[in-house]
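Here is the structure we will look at, set down as structure tokens.
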There are 2 protein chains.
Amino acid sequence: MFDQMGLDINIVVFDGFEPLDVFGPFEVFINTDGARVRLFSLDGPGMKVGEGGVRVETVGPEDINSQGVLLIPGGSGTRTLVGDDQWTGQLASLAARSPQVMTVCTGSALLAAAGVLDGRRATSNDLAFDWVVSTGERVDWIKDARWVVDGKFRTSSGISAGIDMALAFVEDACGSQAAEKASMQMEYIRNRDSGYDPFA
Amino acid sequence: MFDQMGLDINIVVFDGFEPLDVFGPFEVFINTDGARVRLFSLDGPGMKVGEGGVRVETVGPEDINSQGVLLIPGGSGTRTLVGDDQWTGQLASLAARSPQVMTVCTGSALLAAAGVLDGRRATSNDLAFDWVVSTGERVDWIKDARWVVDGKFRTSSGISAGIDMALAFVEDACGSQAAEKASMQMEYIRNRDSGYDPFA
């Protein structure tokens with residue numbers, strides 16, 4: 001569905017992001033023909049510090065295609081951001097404009113806190129599951145899943161599950177050959193079953 | 001063997017590095033108790049630009065524990081660096097001091113070009129294999145492997161294989177419980193067989 005116009009992927013980055021939540025899907029998309037990936041932060045361009053002290057540069061929200069695909073990682077930074085109504089409000093506004101929204105790990109808590117997932121099926125990190133559930137009581141949380149698709153929302157379980165979700169998205173958006181090519185170039189042994197969750 | 005003194009992991013970063021080659025193992029190590037990970041560049045502190053345009057901050061070689069574990073990613077930047085004798089010489093010097101040296105993907109070409117892998121068994125990215133072989137004619141290249149261990153050198157196949165190699169290293173260095181914990185926290189479904197290579 002995207003191959004005519006190209007595929008813009010916007011990954012929102014914040015202090016305390018989990019590195020592989022970002023760079024697993026990032027690697028999938030840079031191995032997908034026609035996709036462009038940008039790391040951005042809602043409070044403007046600058047450096048963000050992830051788990052383990054990694055520092056990455058981001059552009060501001062004015063530098064992305066606001067109608068691109070939105071991807072939201074998790075990480076310890078989500079614990080404070082769920083209480084930041086201005087931040088989650090901005091995120092909700094971007095999610096509303098985006099044709100596809102993906103979360104990895106505790107990234108789903110950020111959408112849940114903004115009310116965006118109310119009435120929808122979603123999943124999250126198994127180890128942080130109870131906390132995530134508390135951020136969105138009206139969400140139909142599915143614990144036993146590697147990822148969950150509900151309409152334009154795709155939410156994945158912990159960290160590495162984001163890679164499988166991203167590959168499945170590429171398959172839906174660009175075809176199975178594109179997903180095969182990306183996983184072959186990454187030498188990634190795919191988990192294709194969204195319901196298989198050995199960590200639940 | 002490292003749990004008494006802590007485990008310093010130094011990941012060398014250069015323009016044209018492959019993001020998941022760095023951040024797959026990075027995520028393994030930040031989920032390993034007692035490990036500290038640093039991204040450094042041989043030409044001093046600054047920003048390095050990886051595939052897909054990602055910009056990450058590095059420290060200089062004077063800011064790392066030069067007797068720590070050295071990890072070398074791959075990426076398109078290796079194509080020019082193999083011809084930079086000063087750069088590969090500095091890398092060889094660090095490799096000589098390091099108790100453990102790991103490469104991901106075409107990172108093994110950088111060690112091979114410096115002569116460090118002469119007479120040793122090693123592997124690399126399957127898709128770039130012929131080029132990598134040309135960088136070190138005296139290396140005993142093993143195509144059909146997810147990763148190869150020869151003495152203190154551990155070389156892995158393409159991109160994602162670095163995660164499996166890093167987890168196997170944690171198992172050897174810190175015990176099987178440490179590796180289990182890291183893979184569980186990452187929700188990563190491990191490939192434990194170093195000889196299994198569906199991409200060869």
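Within each chain, counting starts at residue 1; across the structure tokens, chains are named A, B, ... in the order shown, with ligands numbered 1 upward in that order.
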
Could you give me, as CSV, a per-residue list for chain B showing, wherever an atom lies at most 10 Å from an atom of chain A, the closest pair of atoms and their distance in Å to one decimal, using only C-alpha atoms and sorting by chain then residue number from low to high?
```
residue,atom,partner,partner_atom,distance
B:Glu18,CA,A:Glu27,CA,8.2
B:Pro19,CA,A:Phe23,CA,6.5
B:Leu20,CA,A:Phe23,CA,6.0
B:Asp21,CA,A:Met186,CA,9.4
B:Val22,CA,A:Phe23,CA,9.2
B:Phe23,CA,A:Leu20,CA,6.0
B:Gly24,CA,A:Leu20,CA,6.4
B:Pro25,CA,A:Leu20,CA,9.3
B:Phe26,CA,A:Pro19,CA,8.0
B:Glu27,CA,A:Leu20,CA,6.1
B:Val28,CA,A:Leu20,CA,9.4
B:Phe29,CA,A:Gly52,CA,8.8
B:Ile30,CA,A:Gly52,CA,5.8
B:Asn31,CA,A:Gly52,CA,9.1
B:Ala35,CA,A:Gly52,CA,9.8
B:Arg36,CA,A:Gly52,CA,7.7
B:Val37,CA,A:Gly52,CA,6.9
B:Arg38,CA,A:Val54,CA,8.0
B:Leu39,CA,A:Val54,CA,7.7
B:Met47,CA,A:Val56,CA,8.9
B:Lys48,CA,A:Val56,CA,9.8
B:Val49,CA,A:Glu57,CA,9.9
B:Glu51,CA,A:Ile30,CA,7.6
B:Gly52,CA,A:Ile30,CA,5.8
B:Gly53,CA,A:Arg38,CA,8.1
B:Val54,CA,A:Glu57,CA,7.4
B:Arg55,CA,A:Glu57,CA,5.5
B:Val56,CA,A:Val56,CA,4.5
B:Glu57,CA,A:Arg55,CA,5.5
B:Thr58,CA,A:Arg55,CA,8.2
B:Cys105,CA,A:Met186,CA,9.5
B:Asn125,CA,A:Glu187,CA,8.3
B:Asp126,CA,A:Glu187,CA,8.4
B:Leu127,CA,A:Gln185,CA,7.5
B:Arg146,CA,A:Glu187,CA,9.2
B:Ser157,CA,A:Glu187,CA,7.8
B:Gly158,CA,A:Glu187,CA,5.5
B:Ile159,CA,A:Met186,CA,5.3
B:Ser160,CA,A:Tyr188,CA,5.4
B:Ala161,CA,A:Glu187,CA,6.7
B:Gly162,CA,A:Glu187,CA,9.8
B:Ile163,CA,A:Tyr188,CA,10.0
B:Ser183,CA,A:Ser160,CA,9.2
B:Met184,CA,A:Phe199,CA,6.9
B:Gln185,CA,A:Leu127,CA,7.4
B:Met186,CA,A:Ile159,CA,5.3
B:Glu187,CA,A:Gly158,CA,5.5
B:Tyr188,CA,A:Ser160,CA,5.3
B:Ile189,CA,A:Pro198,CA,8.3
B:Arg190,CA,A:Ile189,CA,9.7
B:Asn191,CA,A:Ile189,CA,8.6
B:Asp197,CA,A:Glu187,CA,8.8
B:Pro198,CA,A:Glu187,CA,8.3
B:Phe199,CA,A:Glu187,CA,6.4
B:Ala200,CA,A:Glu187,CA,9.5
```

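Residues in contact with Thr80 (chain B) at up to 12 Å, not including ones fewer than 5 positions away on its chain and judged by only C-alpha atoms, are Phe14, Asp15, Gly16, Phe17, Gly74, Gly75, Asp85, Trp87, Thr88, Thr106, Ala109, Leu110, Ala113 and Thr135 of chain B.
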
Hey, can you spit out that residue selection with C-alpha atoms as a short mmCIF file (atom, residue, chain, number, x, y, z; two decimals), in the first residue's frame?
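Saved the output as again13.cif:
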```
data_model
loop_
_atom_site.label_atom_id
_atom_site.label_comp_id
_atom_site.auth_asym_id
_atom_site.auth_seq_id
_atom_site.Cartn_x
_atom_site.Cartn_y
_atom_site.Cartn_z
CA PHE B 14 32.75 4.54 12.70
CA ASP B 15 30.89 6.32 9.91
CA GLY B 16 28.86 3.74 8.00
CA PHE B 17 28.36 1.34 10.91
CA GLY B 74 30.19 -4.16 10.39
CA GLY B 75 28.52 -1.88 7.88
CA ASP B 85 46.40 1.13 7.61
CA TRP B 87 43.04 2.92 11.55
CA THR B 88 43.34 -0.88 11.30
CA THR B 106 31.72 -7.42 8.10
CA ALA B 109 37.13 -7.82 7.62
CA LEU B 110 38.63 -5.00 9.73
CA ALA B 113 42.83 -6.56 6.98
CA THR B 135 40.53 -8.96 2.93
#
```

Exercise. In Å, how far is it from CA of Val12 (chain B) to CA of Ile72 (chain B)?
Worked result: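 Result for CA of Val12 (chain B) versus CA of Ile72 (chain B): 5.6 Å, one decimal.
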
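Between CA of Ser93 (chain A) and CA of Arg121 (chain A) the separation is 19.9 Å.
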
Exercise. Using the chain letters and numbers from this document, which residues of region 48-138 of chain B does DSSP assign to alpha helix (DSSP H), as a PyMOL selection string?
Worked result: chain B and resi 78-81+85-97+107-113+129-134

Output N, CA and C atoms for every residue in that selection, as a PDB file, in the first residue's frame.
```pdb
ATOM      1  N   THR B  78      33.094  -0.279   6.541  1.00  0.00           N
ATOM      2  CA  THR B  78      34.251  -1.187   6.566  1.00  0.00           C
ATOM      3  C   THR B  78      34.953  -1.230   5.210  1.00  0.00           C
ATOM      4  N   ARG B  79      34.200  -0.939   4.136  1.00  0.00           N
ATOM      5  CA  ARG B  79      34.776  -1.052   2.781  1.00  0.00           C
ATOM      6  C   ARG B  79      35.946  -0.105   2.581  1.00  0.00           C
ATOM      7  N   THR B  80      35.862   1.091   3.162  1.00  0.00           N
ATOM      8  CA  THR B  80      36.997   2.013   3.049  1.00  0.00           C
ATOM      9  C   THR B  80      37.993   1.798   4.188  1.00  0.00           C
ATOM     10  N   LEU B  81      37.508   1.469   5.370  1.00  0.00           N
ATOM     11  CA  LEU B  81      38.418   1.345   6.520  1.00  0.00           C
ATOM     12  C   LEU B  81      39.426   0.215   6.347  1.00  0.00           C
ATOM     13  N   ASP B  85      45.452   1.893   6.785  1.00  0.00           N
ATOM     14  CA  ASP B  85      46.397   1.131   7.613  1.00  0.00           C
ATOM     15  C   ASP B  85      46.567   1.711   9.012  1.00  0.00           C
ATOM     16  N   GLN B  86      46.467   3.040   9.107  1.00  0.00           N
ATOM     17  CA  GLN B  86      46.600   3.630  10.441  1.00  0.00           C
ATOM     18  C   GLN B  86      45.437   3.209  11.338  1.00  0.00           C
ATOM     19  N   TRP B  87      44.243   3.272  10.782  1.00  0.00           N
ATOM     20  CA  TRP B  87      43.043   2.918  11.554  1.00  0.00           C
ATOM     21  C   TRP B  87      43.073   1.435  11.956  1.00  0.00           C
ATOM     22  N   THR B  88      43.336   0.558  10.973  1.00  0.00           N
ATOM     23  CA  THR B  88      43.336  -0.878  11.302  1.00  0.00           C
ATOM     24  C   THR B  88      44.506  -1.218  12.230  1.00  0.00           C
ATOM     25  N   GLY B  89      45.593  -0.470  12.115  1.00  0.00           N
ATOM     26  CA  GLY B  89      46.719  -0.683  13.030  1.00  0.00           C
ATOM     27  C   GLY B  89      46.360  -0.359  14.470  1.00  0.00           C
ATOM     28  N   GLN B  90      45.641   0.767  14.647  1.00  0.00           N
ATOM     29  CA  GLN B  90      45.184   1.129  15.997  1.00  0.00           C
ATOM     30  C   GLN B  90      44.230   0.067  16.539  1.00  0.00           C
ATOM     31  N   LEU B  91      43.368  -0.428  15.650  1.00  0.00           N
ATOM     32  CA  LEU B  91      42.418  -1.465  16.061  1.00  0.00           C
ATOM     33  C   LEU B  91      43.161  -2.741  16.475  1.00  0.00           C
ATOM     34  N   ALA B  92      44.174  -3.087  15.693  1.00  0.00           N
ATOM     35  CA  ALA B  92      44.963  -4.289  15.996  1.00  0.00           C
ATOM     36  C   ALA B  92      45.650  -4.167  17.352  1.00  0.00           C
ATOM     37  N   SER B  93      46.108  -2.956  17.663  1.00  0.00           N
ATOM     38  CA  SER B  93      46.776  -2.721  18.939  1.00  0.00           C
ATOM     39  C   SER B  93      45.811  -2.919  20.109  1.00  0.00           C
ATOM     40  N   LEU B  94      44.595  -2.380  19.942  1.00  0.00           N
ATOM     41  CA  LEU B  94      43.582  -2.577  20.985  1.00  0.00           C
ATOM     42  C   LEU B  94      43.208  -4.050  21.106  1.00  0.00           C
ATOM     43  N   ALA B  95      43.079  -4.722  19.947  1.00  0.00           N
ATOM     44  CA  ALA B  95      42.714  -6.144  19.949  1.00  0.00           C
ATOM     45  C   ALA B  95      43.764  -6.972  20.679  1.00  0.00           C
ATOM     46  N   ALA B  96      45.038  -6.569  20.524  1.00  0.00           N
ATOM     47  CA  ALA B  96      46.120  -7.317  21.176  1.00  0.00           C
ATOM     48  C   ALA B  96      46.012  -7.235  22.696  1.00  0.00           C
ATOM     49  N   ARG B  97      45.559  -6.087  23.194  1.00  0.00           N
ATOM     50  CA  ARG B  97      45.462  -5.895  24.646  1.00  0.00           C
ATOM     51  C   ARG B  97      44.186  -6.471  25.240  1.00  0.00           C
ATOM     52  N   GLY B 107      32.487  -6.721  10.319  1.00  0.00           N
ATOM     53  CA  GLY B 107      33.522  -6.291  11.264  1.00  0.00           C
ATOM     54  C   GLY B 107      34.754  -7.175  11.228  1.00  0.00           C
ATOM     55  N   SER B 108      34.571  -8.450  10.883  1.00  0.00           N
ATOM     56  CA  SER B 108      35.730  -9.356  10.836  1.00  0.00           C
ATOM     57  C   SER B 108      36.713  -8.959   9.737  1.00  0.00           C
ATOM     58  N   ALA B 109      36.224  -8.280   8.690  1.00  0.00           N
ATOM     59  CA  ALA B 109      37.131  -7.821   7.625  1.00  0.00           C
ATOM     60  C   ALA B 109      38.148  -6.814   8.171  1.00  0.00           C
ATOM     61  N   LEU B 110      37.730  -6.015   9.161  1.00  0.00           N
ATOM     62  CA  LEU B 110      38.633  -5.004   9.726  1.00  0.00           C
ATOM     63  C   LEU B 110      39.789  -5.662  10.469  1.00  0.00           C
ATOM     64  N   LEU B 111      39.481  -6.747  11.209  1.00  0.00           N
ATOM     65  CA  LEU B 111      40.558  -7.490  11.880  1.00  0.00           C
ATOM     66  C   LEU B 111      41.402  -8.244  10.860  1.00  0.00           C
ATOM     67  N   ALA B 112      40.742  -8.817   9.862  1.00  0.00           N
ATOM     68  CA  ALA B 112      41.467  -9.590   8.845  1.00  0.00           C
ATOM     69  C   ALA B 112      42.440  -8.697   8.085  1.00  0.00           C
ATOM     70  N   ALA B 113      41.980  -7.488   7.736  1.00  0.00           N
ATOM     71  CA  ALA B 113      42.832  -6.563   6.978  1.00  0.00           C
ATOM     72  C   ALA B 113      44.071  -6.170   7.769  1.00  0.00           C
ATOM     73  N   PHE B 129      30.351 -12.304   1.795  1.00  0.00           N
ATOM     74  CA  PHE B 129      31.404 -13.238   2.176  1.00  0.00           C
ATOM     75  C   PHE B 129      32.629 -13.187   1.259  1.00  0.00           C
ATOM     76  N   ASP B 130      32.402 -13.140  -0.041  1.00  0.00           N
ATOM     77  CA  ASP B 130      33.540 -13.173  -0.975  1.00  0.00           C
ATOM     78  C   ASP B 130      34.450 -11.965  -0.775  1.00  0.00           C
ATOM     79  N   TRP B 131      33.835 -10.803  -0.555  1.00  0.00           N
ATOM     80  CA  TRP B 131      34.641  -9.608  -0.308  1.00  0.00           C
ATOM     81  C   TRP B 131      35.430  -9.752   0.991  1.00  0.00           C
ATOM     82  N   VAL B 132      34.775 -10.237   2.027  1.00  0.00           N
ATOM     83  CA  VAL B 132      35.463 -10.378   3.314  1.00  0.00           C
ATOM     84  C   VAL B 132      36.650 -11.341   3.172  1.00  0.00           C
ATOM     85  N   VAL B 133      36.444 -12.446   2.472  1.00  0.00           N
ATOM     86  CA  VAL B 133      37.532 -13.412   2.266  1.00  0.00           C
ATOM     87  C   VAL B 133      38.733 -12.727   1.606  1.00  0.00           C
ATOM     88  N   SER B 134      38.443 -11.809   0.683  1.00  0.00           N
ATOM     89  CA  SER B 134      39.529 -11.133  -0.038  1.00  0.00           C
ATOM     90  C   SER B 134      40.347 -10.208   0.860  1.00  0.00           C
TER      91      SER B 134
END
```

For this session: If you run DSSP over the backbone, which residues in region 92-133 of chain B end up strand (DSSP E)? Put them as a ChimeraX atom specification.
Result: /B:101-103,121-122

Please produce a file of those selected residues containing N, CA and C atoms, as a CSV table (one decimal), in the first residue's frame.
```
chain,number,residue,atom,x,y,z
B,101,VAL,N,37.8,-10.5,22.0
B,101,VAL,CA,37.5,-9.6,20.8
B,101,VAL,C,36.3,-10.3,20.0
B,102,MET,N,35.3,-9.5,19.8
B,102,MET,CA,34.2,-9.9,19.0
B,102,MET,C,33.9,-9.1,17.8
B,103,THR,N,33.5,-9.7,16.7
B,103,THR,CA,33.1,-9.0,15.5
B,103,THR,C,31.7,-9.4,15.1
B,121,ARG,N,40.3,-19.4,12.6
B,121,ARG,CA,39.0,-19.7,12.1
B,121,ARG,C,38.1,-18.5,12.3
B,122,ALA,N,37.4,-18.0,11.3
B,122,ALA,CA,36.5,-16.9,11.5
B,122,ALA,C,35.3,-16.9,10.5
```

Exercise. With distances taken over only C-alpha atoms, which of A:Val104, A:Ile142, A:Ile11, A:Ala179 is nearest to Arg192 (chain A)?
Worked result: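 Using only C-alpha atoms, Arg192 (chain A) sits closest to A:Ala179.
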
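When CA of Ser41 (chain A) is paired with CA of Val13 (chain A), their separation reads 5.2 Å.
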
Near Asp118 (chain B), within 10 Å and counting only C-alpha atoms, which residues show up once chain neighbours fewer than 6 positions away are dropped, as a PDB file with N, CA and C atoms, in the first residue's frame?
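For reference, part_36.pdb as written:
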```
ATOM      1  N   LEU B 111      39.481  -6.747  11.209  1.00  0.00           N
ATOM      2  CA  LEU B 111      40.558  -7.490  11.880  1.00  0.00           C
ATOM      3  C   LEU B 111      41.402  -8.244  10.860  1.00  0.00           C
ATOM      4  N   ALA B 112      40.742  -8.817   9.862  1.00  0.00           N
ATOM      5  CA  ALA B 112      41.467  -9.590   8.845  1.00  0.00           C
ATOM      6  C   ALA B 112      42.440  -8.697   8.085  1.00  0.00           C
ATOM      7  N   GLY B 136      41.446 -11.054   3.813  1.00  0.00           N
ATOM      8  CA  GLY B 136      42.358 -11.826   4.662  1.00  0.00           C
ATOM      9  C   GLY B 136      42.528 -13.223   4.107  1.00  0.00           C
ATOM     10  N   GLU B 137      43.472 -13.381   3.181  1.00  0.00           N
ATOM     11  CA  GLU B 137      43.632 -14.659   2.470  1.00  0.00           C
ATOM     12  C   GLU B 137      44.181 -15.755   3.380  1.00  0.00           C
ATOM     13  N   ARG B 138      44.799 -15.367   4.478  1.00  0.00           N
ATOM     14  CA  ARG B 138      45.386 -16.370   5.386  1.00  0.00           C
ATOM     15  C   ARG B 138      44.451 -16.765   6.521  1.00  0.00           C
ATOM     16  N   VAL B 139      43.244 -16.241   6.476  1.00  0.00           N
ATOM     17  CA  VAL B 139      42.260 -16.597   7.505  1.00  0.00           C
ATOM     18  C   VAL B 139      41.533 -17.870   7.070  1.00  0.00           C
ATOM     19  N   ASP B 140      41.228 -18.736   8.021  1.00  0.00           N
ATOM     20  CA  ASP B 140      40.453 -19.939   7.719  1.00  0.00           C
ATOM     21  C   ASP B 140      38.963 -19.585   7.831  1.00  0.00           C
TER      22      ASP B 140
END
```

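Residue nearest Val170 (chain A), chosen from A:Ala145, A:Ala182, A:Gly119, A:Val59 and counting only C-alpha atoms: A:Ala182.
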